[in-house]
Each structure stands twice: as structure tokens, then as C-alpha cells.
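Below: one structure, written as C-alpha cells.
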Amino acid sequence: MQKLCGKAGIAITVVLVDTSVWMEYFDRKNPSVRGDLNALLRQGEVATAGLVLAELRHGCRSTPQVRGLLQAMEPLVYLEADRDTWLRAGELAAECSARGFRIAIGDSLLAALAMRESASIFTLDRDFERIPRLQLFRRQSP
């Protein structure tokens, strides 16, 4: 997905960030993931989806964590799954099954959202590498 940014109308590419990356980011376990995500956030290139928000909210253990999560997610581009996207998610899962491996329907939904928007996906989950035609975000940090 591209969005216009600033007065110059420069198009930037949006990256859909998976729950696995946000967990590393919030837990501060992986400095290179944190650096890559901070760079994307500074450039306004991060998108999220309902599934990611639900998974992150599920992991919050206190009211301050919930407030922090909502504050962090509010300015992000939000990708909504419509009927066609849900159907595409099912198609992707079926394609993967036909190739001999299973993928969680939530992962296929995020892949379908990213593909619909011509966005890449930033994930630490290696299952996404097996989804045909999905563009993965290539990390800058080692």
C-alpha cells in the first residue's frame, strides 16, 4: 500500500507489522528488531490490522499496558478485512495445504491484507516465507 505523505505528495510504502515483531519490540528483547521498527515508525510506514490488535491486547497484563498499547497503535494505518479479503485468506490457506503445509488462518488473513494493499509484511514467523507471492519486509539491522 502506498500513501501520500506531506506537501510534496511523496508516495511511501506501508509495511504490515505482525504480532511477533510487536512482541519483541514491546518486550525489548531484540535491539535489531526494535531499530528496524523504530525506523519504519519514524517514516510513517507502519500498518496494523484487527487481528494484530486483538493478539496484542490479549497479552496485556495491566491497565497501563492497555493504555500504552492503544496509544502506540492509534496513529498507524489500519487495514480492515472485508469479505473478499477473508475469502482470499481461505484461498491462501488452501494453496498452502495443497503444497503440503498448513498455515494458521490468522497468518493467511494478514498475508491476504498485505497482498491486497501491495504491502510487505514484517514478521519473525517463518511460516510467512512459505506463502506464495507474499512480499516480506527485509530487515535493515543484522
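Ordered as shown in the C-alpha cells, chains take letters A, B, and onward, while each chain numbers its residues from 1 and ligands are numbered from 1 in the order shown.
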Close residues, Trp86 in chain A itself excluded, 12 Å, only C-alpha atoms, min 3 positions apart in chain, as a PyMOL selection string
chain A and resi 80-83+89-93+105-113+116
Got time to write the residues from that selection, C-alpha atoms, as a PDB file, in the first residue's frame?
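Full text of part-v9.pdb as output:
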ATOM      1  CA  GLU A  80      -9.693  -3.645   7.587  1.00  0.00           C
ATOM      2  CA  ALA A  81     -10.527  -7.117   6.324  1.00  0.00           C
ATOM      3  CA  ASP A  82     -13.573  -7.153   4.059  1.00  0.00           C
ATOM      4  CA  ARG A  83     -15.393 -10.196   2.686  1.00  0.00           C
ATOM      5  CA  ALA A  89      -7.240 -15.724   3.166  1.00  0.00           C
ATOM      6  CA  GLY A  90      -9.088 -19.022   2.746  1.00  0.00           C
ATOM      7  CA  GLU A  91      -7.663 -19.405  -0.759  1.00  0.00           C
ATOM      8  CA  LEU A  92      -4.130 -18.826   0.515  1.00  0.00           C
ATOM      9  CA  ALA A  93      -4.603 -21.392   3.287  1.00  0.00           C
ATOM     10  CA  ILE A 105      -5.917 -18.810   9.183  1.00  0.00           C
ATOM     11  CA  GLY A 106      -4.789 -15.690  11.072  1.00  0.00           C
ATOM     12  CA  ASP A 107      -1.474 -15.749   9.207  1.00  0.00           C
ATOM     13  CA  SER A 108      -3.248 -16.230   5.889  1.00  0.00           C
ATOM     14  CA  LEU A 109      -5.523 -13.277   6.752  1.00  0.00           C
ATOM     15  CA  LEU A 110      -2.549 -10.983   7.386  1.00  0.00           C
ATOM     16  CA  ALA A 111      -0.974 -12.206   4.144  1.00  0.00           C
ATOM     17  CA  ALA A 112      -4.198 -11.506   2.239  1.00  0.00           C
ATOM     18  CA  LEU A 113      -4.376  -7.987   3.706  1.00  0.00           C
ATOM     19  CA  ARG A 116      -4.436  -6.627  -1.253  1.00  0.00           C
TER      20      ARG A 116
END
Residue set, chain A restricted to helix (DSSP H, G or I), as a count of residues only:
75
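Between Phe128 in chain A and the residues A:Asp18, A:Glu45, A:Glu55, A:Asp36, the shortest atom-to-atom distance, using only C-alpha atoms, involves A:Asp18.
The residue that comes closest to Gly35 in chain A, out of A:Ala98, A:Cys60, A:Val21, A:Leu136 and on the basis of only C-alpha atoms, is A:Val21.
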As a PyMOL selection string, list the residues of chain A assigned to strand (DSSP E or B) by DSSP on the backbone atoms of this structure.
chain A and resi 2-5+10-13+15-17+46-49+77-79+120-122+136
Output file for the residues above (C-alpha atoms, as a PDB file, in the first residue's frame):
ATOM      1  CA  GLN A   2       1.240   3.450  -0.771  1.00  0.00           C
ATOM      2  CA  LYS A   3       0.042   6.600   0.883  1.00  0.00           C
ATOM      3  CA  LEU A   4       0.814  10.213   0.085  1.00  0.00           C
ATOM      4  CA  CYS A   5       2.955  11.959   2.627  1.00  0.00           C
ATOM      5  CA  ILE A  10       5.619  11.649  -1.972  1.00  0.00           C
ATOM      6  CA  ALA A  11       4.296   8.082  -2.021  1.00  0.00           C
ATOM      7  CA  ILE A  12       5.604   5.812   0.721  1.00  0.00           C
ATOM      8  CA  THR A  13       5.160   2.084   1.051  1.00  0.00           C
ATOM      9  CA  VAL A  15       4.550  -2.301   5.956  1.00  0.00           C
ATOM     10  CA  LEU A  16       2.095  -4.506   7.843  1.00  0.00           C
ATOM     11  CA  VAL A  17       3.766  -5.415  11.144  1.00  0.00           C
ATOM     12  CA  VAL A  46       3.637   1.041   9.652  1.00  0.00           C
ATOM     13  CA  ALA A  47       0.210  -0.537   9.230  1.00  0.00           C
ATOM     14  CA  THR A  48      -1.736  -2.772  11.572  1.00  0.00           C
ATOM     15  CA  ALA A  49      -4.841  -4.936  11.444  1.00  0.00           C
ATOM     16  CA  VAL A  77      -2.613   2.899   9.166  1.00  0.00           C
ATOM     17  CA  TYR A  78      -5.387   0.398   9.912  1.00  0.00           C
ATOM     18  CA  LEU A  79      -6.141  -2.321   7.366  1.00  0.00           C
ATOM     19  CA  SER A 120       5.142  -6.107   2.612  1.00  0.00           C
ATOM     20  CA  ILE A 121       4.825  -7.846   5.954  1.00  0.00           C
ATOM     21  CA  PHE A 122       7.370  -7.522   8.785  1.00  0.00           C
ATOM     22  CA  LEU A 136       8.319  -9.885   3.107  1.00  0.00           C
TER      23      LEU A 136
END
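Using only C-alpha atoms, the nearest neighbour of Leu69 in chain A within the list A:Trp22, A:Leu124, A:Ser118, A:Ala39 is A:Trp22.
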Need the shell around Arg130 in chain A: protein/DNA/RNA residues with any atom at most 9 Å away, counting only C-alpha atoms. Skip same-chain ones fewer than 5 positions apart. Format as a JSON list (two decimals) with C-alpha atoms, in the first residue's frame?
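After the write, result30.json holds the following:
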[["chain", "number", "residue", "atom", "x", "y", "z"],
["A", 96, "CYS", "CA", -0.57, -23.85, 1.25],
["A", 101, "PHE", "CA", 1.98, -27.45, 4.70],
["A", 103, "ILE", "CA", -0.78, -22.21, 7.81]]
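Of note, CA of Leu70 in chain A and CA of Ser32 in chain A are spaced 23.5 Å apart.
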note - CA of Met23 in chain A and CA of Leu134 in chain A are separated by 21.8 Å
CA of Val33 in chain A sits from CA of Thr63 in chain A at a separation of 25.5 Å
